[in-house]
$ cat final.csv   # CSV, C-alpha atoms
chain,number,residue,atom,x,y,z
A,623,MET,CA,81.0,64.3,-195.4
A,624,PRO,CA,78.9,61.8,-193.3
A,625,LYS,CA,76.0,63.1,-191.3
A,626,VAL,CA,76.6,63.3,-187.6
A,627,ILE,CA,73.6,62.0,-185.6
A,628,PHE,CA,73.1,62.5,-181.9
A,629,ASP,CA,71.2,59.3,-181.3
A,630,MET,CA,70.0,58.4,-177.8
A,631,SER,CA,67.1,57.1,-175.7
A,632,MET,CA,65.4,59.6,-173.4
A,633,SER,CA,62.7,59.6,-170.7
A,634,LEU,CA,59.8,61.9,-171.2
A,635,ASP,CA,61.3,64.2,-168.6
A,636,GLY,CA,64.6,64.4,-170.4
A,637,PHE,CA,66.9,61.9,-168.8
A,638,ALA,CA,69.4,59.6,-170.6
A,639,THR,CA,69.9,57.5,-167.5
A,640,ALA,CA,68.0,57.1,-164.2
A,641,ALA,CA,69.7,58.1,-160.9
A,642,GLY,CA,72.2,55.8,-159.3
A,643,VAL,CA,74.5,55.0,-162.3
A,644,ARG,CA,77.2,52.5,-161.2
A,645,PRO,CA,79.0,49.5,-162.7
A,646,GLU,CA,76.2,47.0,-161.7
A,647,GLU,CA,73.5,49.4,-162.9
A,648,PRO,CA,75.0,51.3,-165.9
A,649,MET,CA,71.6,52.9,-166.7
A,650,GLY,CA,70.9,53.8,-163.1
A,651,ASP,CA,68.0,52.3,-161.0
A,652,GLY,CA,65.2,51.4,-163.3
A,653,GLY,CA,67.1,53.0,-166.2
A,654,GLN,CA,67.0,49.8,-168.3
A,655,GLN,CA,63.5,50.9,-169.2
A,656,LEU,CA,65.1,53.2,-171.7
A,657,HIS,CA,66.4,50.3,-173.8
A,658,GLN,CA,63.4,48.0,-173.6
A,659,TRP,CA,62.3,49.1,-177.0
A,660,ALA,CA,65.6,47.9,-178.5
A,661,LEU,CA,65.6,44.5,-176.8
A,662,GLY,CA,63.1,42.8,-179.0
A,663,THR,CA,59.6,43.8,-178.0
A,664,GLY,CA,58.3,42.0,-181.0
A,665,ASP,CA,57.3,45.4,-182.4
A,666,PRO,CA,58.2,45.6,-186.1
A,667,ARG,CA,58.2,49.4,-186.1
A,668,SER,CA,60.9,49.6,-183.4
A,669,ALA,CA,62.8,46.7,-185.0
A,670,ALA,CA,62.8,48.7,-188.3
A,671,VAL,CA,64.2,51.8,-186.6
A,672,LEU,CA,67.0,49.7,-185.1
A,673,ALA,CA,67.8,47.9,-188.4
A,674,GLU,CA,68.0,51.3,-190.2
A,675,SER,CA,70.4,52.5,-187.5
A,676,LEU,CA,72.7,49.5,-188.0
A,677,ARG,CA,72.5,49.9,-191.8
A,678,ARG,CA,73.4,53.6,-191.9
A,679,VAL,CA,76.0,53.9,-189.0
A,680,GLY,CA,79.6,53.7,-190.2
A,681,ALA,CA,81.3,54.9,-187.0
A,682,THR,CA,80.3,55.7,-183.4
A,683,ILE,CA,81.5,58.2,-180.9
A,684,ALA,CA,81.1,57.8,-177.1
A,685,GLY,CA,82.5,59.1,-173.9
A,686,ARG,CA,84.9,57.4,-171.5
A,687,ARG,CA,82.2,57.0,-168.8
A,688,THR,CA,79.8,55.3,-171.3
A,689,TYR,CA,82.7,53.1,-172.4
A,690,ASP,CA,83.7,52.1,-168.9
A,691,LEU,CA,80.1,51.3,-168.0
A,692,SER,CA,79.3,49.5,-171.3
A,693,VAL,CA,82.4,47.6,-172.2
A,694,PRO,CA,81.4,44.5,-170.1
A,695,TRP,CA,78.4,44.2,-172.5
A,696,TRP,CA,80.0,45.5,-175.7
A,697,GLY,CA,83.1,43.3,-175.5
A,698,PRO,CA,85.6,43.8,-178.3
A,699,ASP,CA,82.8,44.5,-180.9
A,700,GLY,CA,81.5,47.9,-179.6
A,701,PRO,CA,77.9,49.1,-179.6
A,702,GLY,CA,77.4,48.0,-183.2
A,703,GLY,CA,77.8,44.3,-182.2
A,704,GLU,CA,78.6,42.0,-185.1
A,705,ALA,CA,78.9,44.9,-187.5
A,706,ARG,CA,82.1,45.8,-185.6
A,707,THR,CA,81.5,49.5,-186.2
A,708,PRO,CA,84.7,51.6,-185.5
A,709,THR,CA,84.1,53.3,-182.2
A,710,PHE,CA,85.9,56.4,-181.0
A,711,ILE,CA,86.1,57.0,-177.3
A,712,VAL,CA,86.8,60.5,-176.0
A,713,SER,CA,89.1,59.9,-173.0
A,714,HIS,CA,92.0,61.3,-171.1
A,715,GLY,CA,94.4,58.5,-171.7
A,716,THR,CA,93.8,54.8,-172.6
A,717,PRO,CA,92.3,52.4,-170.2
A,718,GLY,CA,94.7,49.9,-168.6
A,719,HIS,CA,92.6,46.9,-169.9
A,720,VAL,CA,91.0,46.8,-173.2
A,721,PRO,CA,89.5,43.7,-175.0
A,722,GLU,CA,91.7,42.0,-177.6
A,723,ALA,CA,91.0,42.7,-181.2
A,724,ASN,CA,88.6,45.5,-180.3
A,725,VAL,CA,87.0,48.3,-182.4
A,726,TYR,CA,88.0,51.1,-180.1
A,727,THR,CA,90.2,54.1,-180.7
A,728,PHE,CA,90.8,56.4,-177.7
A,729,VAL,CA,91.1,60.1,-178.6
A,730,ASN,CA,91.5,63.3,-176.6
A,731,SER,CA,88.7,65.5,-177.8
A,732,PRO,CA,85.2,65.3,-179.3
A,733,ILE,CA,86.4,67.2,-182.4
A,734,GLN,CA,89.2,64.8,-182.9
A,735,ALA,CA,86.8,61.9,-182.4
A,736,LEU,CA,84.5,63.5,-185.0
A,737,GLU,CA,87.3,63.9,-187.6
A,738,LEU,CA,88.5,60.3,-187.2
A,739,ALA,CA,84.9,58.9,-187.1
A,740,ALA,CA,84.0,60.8,-190.3
A,741,ALA,CA,87.0,59.4,-192.1
A,742,ALA,CA,86.2,55.9,-190.9
A,743,ALA,CA,82.5,56.1,-191.7
A,744,GLY,CA,83.0,56.6,-195.4
A,745,ASP,CA,79.6,57.2,-197.0
A,746,LYS,CA,77.7,56.2,-193.9
A,747,ASP,CA,76.7,58.2,-190.8
A,748,VAL,CA,78.5,59.0,-187.6
A,749,ASP,CA,76.4,58.2,-184.5
A,750,VAL,CA,77.1,60.1,-181.3
A,751,PHE,CA,76.1,57.8,-178.4
A,752,SER,CA,76.9,59.9,-175.3
A,753,ALA,CA,74.9,62.8,-173.6
A,754,SER,CA,77.9,64.9,-172.7
A,755,ILE,CA,79.8,64.5,-176.0
A,756,GLY,CA,76.6,65.1,-177.9
A,757,GLN,CA,76.0,68.3,-175.9
A,758,GLN,CA,79.6,69.5,-176.6
A,759,LEU,CA,79.2,68.8,-180.4
A,760,LEU,CA,75.8,70.4,-180.5
A,761,ARG,CA,77.3,73.6,-178.9
A,762,ALA,CA,80.1,73.5,-181.4
A,763,GLY,CA,77.5,73.3,-184.3
A,764,ARG,CA,78.7,69.9,-185.4
A,765,ILE,CA,75.5,67.8,-185.0
A,766,ASP,CA,73.4,67.4,-188.2
A,767,GLU,CA,70.5,65.4,-186.7
A,768,ILE,CA,69.1,64.4,-183.4
A,769,GLN,CA,67.4,61.1,-183.1
A,770,VAL,CA,65.6,60.7,-179.7
A,771,HIS,CA,63.9,57.4,-178.7
A,772,LEU,CA,61.3,59.0,-176.3
A,773,VAL,CA,60.4,56.5,-173.7
A,774,PRO,CA,57.1,56.7,-171.7
A,775,VAL,CA,58.6,57.0,-168.3
A,776,LEU,CA,59.4,59.8,-165.8
A,777,PHE,CA,62.6,59.4,-163.9
A,778,GLY,CA,62.6,62.6,-161.9
A,779,ALA,CA,66.4,62.4,-161.6
A,780,GLY,CA,69.5,61.1,-163.5
A,781,THR,CA,71.7,62.3,-166.3
A,782,ARG,CA,70.0,64.8,-168.6
A,783,LEU,CA,70.3,64.2,-172.3
A,784,LEU,CA,70.3,67.9,-173.2
A,785,GLU,CA,71.7,70.4,-170.8
A,786,ASP,CA,74.6,72.8,-170.4
A,787,LEU,CA,73.7,74.4,-173.7
A,788,GLY,CA,74.3,77.9,-172.4
A,789,GLY,CA,70.7,79.1,-172.8
A,790,THR,CA,71.0,78.9,-176.6
A,791,HIS,CA,67.9,77.9,-178.4
A,792,VAL,CA,68.5,75.3,-181.1
A,793,GLN,CA,65.9,75.2,-183.8
A,794,LEU,CA,65.0,71.8,-185.1
A,795,GLU,CA,62.9,70.5,-188.0
A,796,ILE,CA,60.9,67.3,-187.7
A,797,ILE,CA,62.2,64.7,-190.2
A,798,GLY,CA,60.1,61.8,-189.0
A,799,VAL,CA,58.1,60.3,-186.1
A,800,VAL,CA,57.7,56.6,-185.8
A,801,GLU,CA,55.3,55.2,-183.2
A,802,GLY,CA,56.8,52.2,-181.5
A,803,SER,CA,56.1,50.0,-178.6
A,804,LYS,CA,57.9,51.4,-175.5
A,805,ALA,CA,59.4,54.3,-177.4
A,806,THR,CA,58.4,57.0,-179.9
A,807,HIS,CA,61.2,57.5,-182.4
A,808,LEU,CA,61.7,61.1,-183.2
A,809,ARG,CA,64.1,62.3,-185.8
A,810,TYR,CA,65.1,66.0,-186.2
A,811,ALA,CA,67.4,68.0,-188.4
A,812,VAL,CA,69.4,70.7,-186.6
A,813,VAL,CA,68.4,73.9,-188.4
A,814,ALA,CA,70.2,76.7,-186.5
A,815,ALA,CA,71.0,78.2,-183.2
A,816,LEU,CA,68.3,80.9,-182.6
A,817,ARG,CA,70.4,83.3,-180.5
B,1143,MET,CA,34.8,61.7,-161.4
B,1144,GLY,CA,36.8,62.9,-164.4
B,1145,LYS,CA,40.5,62.6,-164.9
B,1146,VAL,CA,43.3,65.0,-164.0
B,1147,ILE,CA,45.3,65.9,-167.1
B,1148,ALA,CA,48.6,67.8,-167.3
B,1149,GLN,CA,48.8,69.7,-170.6
B,1150,ALA,CA,51.4,72.1,-172.1
B,1151,SER,CA,53.7,72.8,-175.0
B,1152,MET,CA,57.2,71.6,-174.4
B,1153,SER,CA,60.7,71.8,-176.0
B,1154,LEU,CA,62.5,68.6,-176.7
B,1155,ASP,CA,64.6,69.2,-173.6
B,1156,GLY,CA,61.5,69.5,-171.3
B,1157,PHE,CA,60.9,73.3,-171.0
B,1158,ILE,CA,57.6,75.1,-171.2
B,1159,ALA,CA,59.1,78.6,-171.1
B,1160,ASP,CA,62.6,80.2,-171.3
B,1161,THR,CA,64.4,81.9,-168.4
B,1162,ASN,CA,62.4,85.0,-169.0
B,1163,ASP,CA,59.1,83.1,-168.7
B,1164,GLN,CA,58.6,83.4,-172.4
B,1165,ALA,CA,57.1,80.5,-174.5
B,1166,GLY,CA,58.5,82.0,-177.7
B,1167,PRO,CA,58.7,79.3,-180.5
B,1168,LEU,CA,56.8,76.8,-178.3
B,1169,PHE,CA,53.5,78.6,-179.2
B,1170,ASP,CA,54.3,79.0,-183.0
B,1171,TRP,CA,52.1,76.0,-183.8
B,1172,TYR,CA,49.1,77.7,-182.3
B,1173,TYR,CA,49.3,80.2,-185.2
B,1174,ASN,CA,50.8,78.4,-188.1
B,1175,GLY,CA,47.7,77.1,-189.9
B,1176,ASP,CA,44.4,78.3,-191.2
B,1177,VAL,CA,41.9,76.3,-189.1
B,1178,GLU,CA,40.4,78.4,-186.4
B,1179,VAL,CA,40.1,76.8,-183.0
B,1180,THR,CA,36.7,77.8,-181.8
B,1181,GLY,CA,36.6,80.2,-178.9
B,1182,THR,CA,40.3,81.3,-179.3
B,1183,ASP,CA,42.4,83.3,-181.6
B,1184,PHE,CA,44.4,80.2,-182.5
B,1185,HIS,CA,44.6,79.1,-186.1
B,1186,THR,CA,46.4,75.8,-186.5
B,1187,SER,CA,46.9,72.9,-188.9
B,1188,PRO,CA,43.8,70.8,-189.4
B,1189,ALA,CA,45.4,67.9,-187.4
B,1190,SER,CA,46.2,70.2,-184.4
B,1191,ALA,CA,42.8,71.8,-184.5
B,1192,ALA,CA,41.1,68.5,-184.3
B,1193,TYR,CA,43.4,67.4,-181.6
B,1194,LEU,CA,42.7,70.5,-179.5
B,1195,ARG,CA,39.0,70.3,-180.0
B,1196,ALA,CA,39.0,66.7,-178.7
B,1197,ALA,CA,41.3,67.4,-175.8
B,1198,TRP,CA,39.5,70.6,-174.7
B,1199,SER,CA,35.9,69.4,-175.1
B,1200,ALA,CA,36.3,67.1,-172.1
B,1201,ILE,CA,37.8,69.7,-169.8
B,1202,GLY,CA,35.5,71.1,-167.1
B,1203,ALA,CA,37.9,73.2,-165.0
B,1204,ASP,CA,41.6,74.2,-164.9
B,1205,VAL,CA,44.1,74.4,-162.1
B,1206,ILE,CA,47.0,76.8,-162.7
B,1207,GLY,CA,49.8,78.3,-160.7
B,1208,ARG,CA,50.2,81.9,-159.7
B,1209,ARG,CA,53.0,82.5,-162.1
B,1210,LEU,CA,50.9,81.6,-165.1
B,1211,PHE,CA,48.0,83.6,-163.8
B,1212,ASP,CA,50.2,86.7,-163.5
B,1213,LEU,CA,51.9,86.2,-166.9
B,1214,THR,CA,48.5,85.9,-168.7
B,1215,ASN,CA,46.7,88.4,-166.4
B,1216,GLY,CA,44.3,85.6,-165.8
B,1217,TRP,CA,43.4,85.5,-169.5
B,1218,ASN,CA,41.5,88.7,-168.6
B,1219,GLY,CA,38.9,86.7,-166.7
B,1220,ARG,CA,38.0,84.3,-169.5
B,1221,PRO,CA,39.1,80.7,-169.1
B,1222,VAL,CA,40.6,79.4,-172.4
B,1223,VAL,CA,39.2,75.9,-171.7
B,1224,GLY,CA,36.6,74.7,-169.1
B,1225,ASP,CA,34.1,76.7,-167.1
B,1226,ALA,CA,36.2,77.7,-164.1
B,1227,VAL,CA,39.9,78.3,-163.1
B,1228,PHE,CA,41.4,77.5,-159.8
B,1229,VAL,CA,44.6,79.5,-159.1
B,1230,VAL,CA,47.0,78.0,-156.5
B,1231,THR,CA,48.5,81.0,-154.7
B,1232,HIS,CA,49.7,81.9,-151.2
B,1233,GLN,CA,48.2,85.4,-151.5
B,1234,PRO,CA,45.2,86.3,-153.7
B,1235,PRO,CA,45.8,89.3,-155.8
B,1236,ALA,CA,44.5,92.6,-154.3
B,1237,ASP,CA,43.6,94.3,-157.5
B,1238,TRP,CA,42.0,91.5,-159.7
B,1239,PRO,CA,39.7,93.6,-162.0
B,1240,TYR,CA,37.3,90.7,-162.8
B,1241,PRO,CA,35.7,89.8,-159.5
B,1242,ASP,CA,32.8,88.2,-161.3
B,1243,ALA,CA,35.0,86.0,-163.5
B,1244,PRO,CA,34.9,82.2,-162.7
B,1245,PHE,CA,38.3,82.4,-161.1
B,1246,THR,CA,38.9,81.1,-157.5
B,1247,PHE,CA,42.1,81.8,-155.6
B,1248,VAL,CA,43.1,78.7,-153.5
B,1249,SER,CA,45.5,79.4,-150.7
B,1250,ASP,CA,45.3,76.0,-148.9
B,1251,GLY,CA,47.3,74.0,-151.4
B,1252,LEU,CA,47.2,72.0,-154.6
B,1253,HIS,CA,45.1,69.1,-153.2
B,1254,SER,CA,42.4,71.5,-152.3
B,1255,ALA,CA,42.5,73.3,-155.7
B,1256,ILE,CA,42.2,70.0,-157.5
B,1257,ALA,CA,39.3,68.8,-155.3
B,1258,GLN,CA,37.4,72.1,-155.9
B,1259,ALA,CA,38.1,71.9,-159.6
B,1260,GLN,CA,36.8,68.3,-159.7
B,1261,ALA,CA,33.6,69.4,-157.8
B,1262,VAL,CA,32.9,71.9,-160.6
B,1263,ALA,CA,33.9,69.6,-163.4
B,1264,GLY,CA,31.8,66.7,-162.3
B,1265,ASP,CA,32.2,63.9,-164.8
B,1266,ARG,CA,34.4,66.1,-167.0
B,1267,ASP,CA,38.2,66.3,-166.7
B,1268,VAL,CA,40.4,68.7,-164.8
B,1269,SER,CA,43.3,70.3,-166.7
B,1270,ILE,CA,46.5,71.2,-164.8
B,1271,THR,CA,49.0,73.5,-166.4
B,1272,PRO,CA,52.7,72.7,-165.7
B,1273,GLY,CA,55.4,74.0,-164.2
B,1274,ASN,CA,56.0,73.7,-160.5
B,1275,ILE,CA,52.4,72.8,-159.5
B,1276,ALA,CA,52.5,69.9,-162.0
B,1277,GLY,CA,55.8,68.7,-160.4
B,1278,GLN,CA,54.0,68.7,-157.0
B,1279,ALA,CA,51.0,67.0,-158.5
B,1280,PHE,CA,53.1,64.2,-160.0
B,1281,GLN,CA,54.9,63.8,-156.7
B,1282,ALA,CA,51.6,63.5,-154.9
B,1283,GLY,CA,50.2,61.0,-157.5
B,1284,LEU,CA,47.4,63.3,-158.5
B,1285,ILE,CA,47.8,63.1,-162.3
B,1286,ASP,CA,46.1,60.6,-164.5
B,1287,GLU,CA,47.2,61.6,-168.0
B,1288,ILE,CA,49.9,63.7,-169.7
B,1289,ARG,CA,49.4,65.7,-172.8
B,1290,VAL,CA,52.6,67.1,-174.3
B,1291,ASP,CA,52.7,69.3,-177.4
B,1292,LEU,CA,56.3,68.5,-178.3
B,1293,VAL,CA,57.9,71.4,-180.3
B,1294,PRO,CA,61.1,70.9,-182.4
B,1295,VAL,CA,63.4,73.2,-180.4
B,1296,VAL,CA,66.0,72.8,-177.7
B,1297,PHE,CA,65.7,75.6,-175.1
B,1298,GLY,CA,68.8,74.8,-172.9
B,1299,ALA,CA,67.3,76.5,-169.9
B,1300,GLY,CA,64.0,77.7,-168.5
B,1301,VAL,CA,60.9,76.5,-166.7
B,1302,ARG,CA,60.4,72.7,-166.8
B,1303,TYR,CA,57.2,70.9,-167.7
B,1304,PHE,CA,57.7,68.4,-164.9
B,1305,GLY,CA,58.8,71.1,-162.4
B,1306,ASP,CA,61.0,69.7,-159.7
B,1307,TYR,CA,59.4,66.2,-159.8
B,1308,ALA,CA,61.9,64.0,-158.1
B,1309,GLY,CA,59.9,60.9,-157.1
B,1310,SER,CA,60.5,57.3,-158.1
B,1311,PRO,CA,60.2,56.3,-161.8
B,1312,LEU,CA,56.7,56.6,-163.1
B,1313,LEU,CA,55.7,54.3,-166.0
B,1314,LEU,CA,53.4,55.5,-168.7
B,1315,ASP,CA,51.6,53.7,-171.5
B,1316,ASP,CA,52.7,54.2,-175.1
B,1317,PRO,CA,51.2,57.5,-176.2
B,1318,GLN,CA,48.5,58.3,-178.8
B,1319,ILE,CA,50.3,60.5,-181.3
B,1320,VAL,CA,49.0,63.2,-183.6
B,1321,GLN,CA,51.4,64.9,-185.9
B,1322,GLY,CA,50.7,68.6,-186.5
B,1323,ASP,CA,52.7,71.2,-188.4
B,1324,ARG,CA,56.0,71.7,-186.4
B,1325,VAL,CA,54.4,70.0,-183.3
B,1326,THR,CA,54.0,66.4,-182.2
B,1327,HIS,CA,51.0,65.9,-179.9
B,1328,LEU,CA,51.7,63.1,-177.4
B,1329,HIS,CA,48.9,61.8,-175.1
B,1330,TYR,CA,50.0,59.5,-172.3
B,1331,ARG,CA,48.2,57.7,-169.5
B,1332,LEU,CA,50.1,57.0,-166.3
B,1333,ARG,CA,50.1,53.4,-165.1
B,1334,LYS,CA,48.7,53.1,-161.7
B,1335,PRO,CA,50.7,51.1,-159.2
B,1336,GLY,CA,49.2,47.7,-158.2

$ encode --input "final.csv" --output "structure tokens"
Amino acid sequence: MPKVIFDMSMSLDGFATAAGVRPEEPMGDGGQQLHQWALGTGDPRSAAVLAESLRRVGATIAGRRTYDLSVPWWGPDGPGGEARTPTFIVSHGTPGHVPEANVYTFVNSPIQALELAAAAAGDKDVDVFSASIGQQLLRAGRIDEIQVHLVPVLFGAGTRLLEDLGGTHVQLEIIGVVEGSKATHLRYAVVAALR
Amino acid sequence: MGKVIAQASMSLDGFIADTNDQAGPLFDWYYNGDVEVTGTDFHTSPASAAYLRAAWSAIGADVIGRRLFDLTNGWNGRPVVGDAVFVVTHQPPADWPYPDAPFTFVSDGLHSAIAQAQAVAGDRDVSITPGNIAGQAFQAGLIDEIRVDLVPVVFGAGVRYFGDYAGSPLLLDDPQIVQGDRVTHLHYRLRKPG
């Protein structure tokens, strides 16, 4: 089975977007700061983290909201760009307009997305690229690793990366910490729910 | 004048305590090594001990909220770091059994508590312990640096490090990082506007 990795950028105060998410500002007001590390800072450490991601990811799962906000940038190729990684979107129904020759499959539930993504990924990993889907899969015990790109900014408001977990402690184990420019790359294994 | 530094252990999702005000696994790293941290009962990994010594040696005074004071019983009158503790509270405790301890109850607000702490600290730094008072302090632009001891656990609910900070985005510099055993020490400086 492929590993399932909840892989997201997060502000130091826990937000996966800033406040004010809308089509023109898909990351919220000032939220682009979360992706600066990935946009070519000239930092070889962050570039290596990104290259490793592209190498190991065989399929991606995202939510419909992320899809709607991102598809103008993703186009038909999805978040993996030229790699054309199969991308499974959890959605009630299929959008009216989708790009031609695209990599997207629209499915009804996170678990269904997981099963199809695992089959598509082969011996590579499945990346979960959505706060709400990641939370649901974490609650269901289906996340193997969490990779957080911790960005040195406080947003004070926005969409939280980790919430609605029902007061359950999730114990993690540090796999690796990479100091980058504009992000600290933290990788954890999910060990167990504590209670 | 020294700096004002927020400092606490935090879960990956931003909590310094659970819904019962318990730090639980957030404090495991204070006791999971064999290097004694002078002046405390902590025994940590060598890396964490060195980190704490460096962080604490520059602290002259602490500012804490009433909740932390009550939870720790004011550390029985002995500051963990620094020479003096300033407790932000609406109502000083009536039955504080250590009247000679270097604890001052400040009822006229956070600004006043920080100013009094800075007067005692002189050139040294002032430490401020999150939750809610740290949220207020960030809101008021009173914090110079952030130290987070990031613990590999997700709490899901509880008391937040950044309190109810809801200001505009604050940019920080890339942190200095020290990797301990089951803790990642992150030390950030806030970028000052202008």

$ closest_residue --input "final.csv" --among "B:Gly1298, B:Gly1309, B:Gly1202, B:Pro1235" --to "A:Arg761" --atoms "all atoms listed in the file"
B:Gly1298

$ closest_residue --input "final.csv" --among "B:Leu1210, B:Ile1275, B:Val1290, B:Met1143" --to "chain A" --atoms "only C-alpha atoms"
B:Val1290

$ atom_distance --input "final.csv" --atom1 "atom CA of B:Thr1246" --atom2 "atom CA of B:Val1229"
6.1 Å

$ residues_around --input "final.csv" --residues "B:Arg1333" --least-positions-apart "6" --cutoff "9 Å" --atoms "only C-alpha atoms" --output "PyMOL selection string"
chain B and resi 1286+1312-1315

$ write_last_selection --input "final.csv" --atoms "C-alpha atoms" --output "tab-separated table (two decimals), in the frame of the given file"
chain	number	residue	atom	x	y	z
B	1286	ASP	CA	46.10	60.60	-164.50
B	1312	LEU	CA	56.70	56.60	-163.10
B	1313	LEU	CA	55.70	54.30	-166.00
B	1314	LEU	CA	53.40	55.50	-168.70
B	1315	ASP	CA	51.60	53.70	-171.50

$ atom_distance --input "final.csv" --atom1 "atom CA of A:Gly802" --atom2 "atom CA of A:Asp786"
29.4 Å

$ residues_around --input "final.csv" --residues "A:Pro717" --least-positions-apart "2" --cutoff "12 Å" --atoms "only C-alpha atoms" --output "MDAnalysis selection string"
chainID A and resid 686:687 689:690 693 711:715 719:721 726:729

$ write_last_selection --input "final.csv" --atoms "C-alpha atoms" --output "PDB file, keeping the file's coordinate frame"
ATOM      1  CA  ARG A 686      84.900  57.400-171.500  1.00  0.00           C
ATOM      2  CA  ARG A 687      82.200  57.000-168.800  1.00  0.00           C
ATOM      3  CA  TYR A 689      82.700  53.100-172.400  1.00  0.00           C
ATOM      4  CA  ASP A 690      83.700  52.100-168.900  1.00  0.00           C
ATOM      5  CA  VAL A 693      82.400  47.600-172.200  1.00  0.00           C
ATOM      6  CA  ILE A 711      86.100  57.000-177.300  1.00  0.00           C
ATOM      7  CA  VAL A 712      86.800  60.500-176.000  1.00  0.00           C
ATOM      8  CA  SER A 713      89.100  59.900-173.000  1.00  0.00           C
ATOM      9  CA  HIS A 714      92.000  61.300-171.100  1.00  0.00           C
ATOM     10  CA  GLY A 715      94.400  58.500-171.700  1.00  0.00           C
ATOM     11  CA  HIS A 719      92.600  46.900-169.900  1.00  0.00           C
ATOM     12  CA  VAL A 720      91.000  46.800-173.200  1.00  0.00           C
ATOM     13  CA  PRO A 721      89.500  43.700-175.000  1.00  0.00           C
ATOM     14  CA  TYR A 726      88.000  51.100-180.100  1.00  0.00           C
ATOM     15  CA  THR A 727      90.200  54.100-180.700  1.00  0.00           C
ATOM     16  CA  PHE A 728      90.800  56.400-177.700  1.00  0.00           C
ATOM     17  CA  VAL A 729      91.100  60.100-178.600  1.00  0.00           C
TER      18      VAL A 729
END

$ closest_residue --input "final.csv" --among "A:Thr682, A:Asn730, A:Ser668, A:Thr790" --to "chain B" --atoms "all atoms listed in the file"
A:Thr790

$ decode --input "final.csv" --residues "stretch 1221-1232 of chain B" --atoms "N, CA and C atoms" --output "mmCIF file, in the first residue's frame"
data_model
loop_
_atom_site.group_PDB
_atom_site.id
_atom_site.type_symbol
_atom_site.label_atom_id
_atom_site.label_comp_id
_atom_site.auth_asym_id
_atom_site.auth_seq_id
_atom_site.Cartn_x
_atom_site.Cartn_y
_atom_site.Cartn_z
ATOM 1 N N PRO B 1221 10.498 32.042 41.036
ATOM 2 C CA PRO B 1221 10.483 32.156 39.581
ATOM 3 C C PRO B 1221 11.351 31.069 38.942
ATOM 4 N N VAL B 1222 10.850 30.444 37.876
ATOM 5 C CA VAL B 1222 11.645 29.420 37.176
ATOM 6 C C VAL B 1222 12.806 30.079 36.442
ATOM 7 N N VAL B 1223 12.511 31.202 35.799
ATOM 8 C CA VAL B 1223 13.577 31.966 35.148
ATOM 9 C C VAL B 1223 13.429 33.431 35.548
ATOM 10 N N GLY B 1224 14.519 34.164 35.512
ATOM 11 C CA GLY B 1224 14.476 35.587 35.834
ATOM 12 C C GLY B 1224 14.393 35.833 37.332
ATOM 13 N N ASP B 1225 14.453 37.120 37.703
ATOM 14 C CA ASP B 1225 14.493 37.496 39.114
ATOM 15 C C ASP B 1225 13.118 37.833 39.670
ATOM 16 N N ALA B 1226 12.173 38.135 38.797
ATOM 17 C CA ALA B 1226 10.884 38.634 39.275
ATOM 18 C C ALA B 1226 9.785 38.217 38.313
ATOM 19 N N VAL B 1227 8.583 38.066 38.857
ATOM 20 C CA VAL B 1227 7.423 37.660 38.057
ATOM 21 C C VAL B 1227 6.328 38.708 38.221
ATOM 22 N N PHE B 1228 5.749 39.121 37.120
ATOM 23 C CA PHE B 1228 4.640 40.058 37.136
ATOM 24 C C PHE B 1228 3.403 39.338 36.622
ATOM 25 N N VAL B 1229 2.383 39.270 37.479
ATOM 26 C CA VAL B 1229 1.171 38.503 37.176
ATOM 27 C C VAL B 1229 0.067 39.473 36.782
ATOM 28 N N VAL B 1230 -0.419 39.338 35.552
ATOM 29 C CA VAL B 1230 -1.508 40.196 35.098
ATOM 30 C C VAL B 1230 -2.814 39.619 35.628
ATOM 31 N N THR B 1231 -3.528 40.388 36.445
ATOM 32 C CA THR B 1231 -4.751 39.877 37.078
ATOM 33 C C THR B 1231 -5.679 41.032 37.413
ATOM 34 N N HIS B 1232 -6.974 40.764 37.363
ATOM 35 C CA HIS B 1232 -7.919 41.804 37.779
ATOM 36 C C HIS B 1232 -7.940 41.928 39.290
#
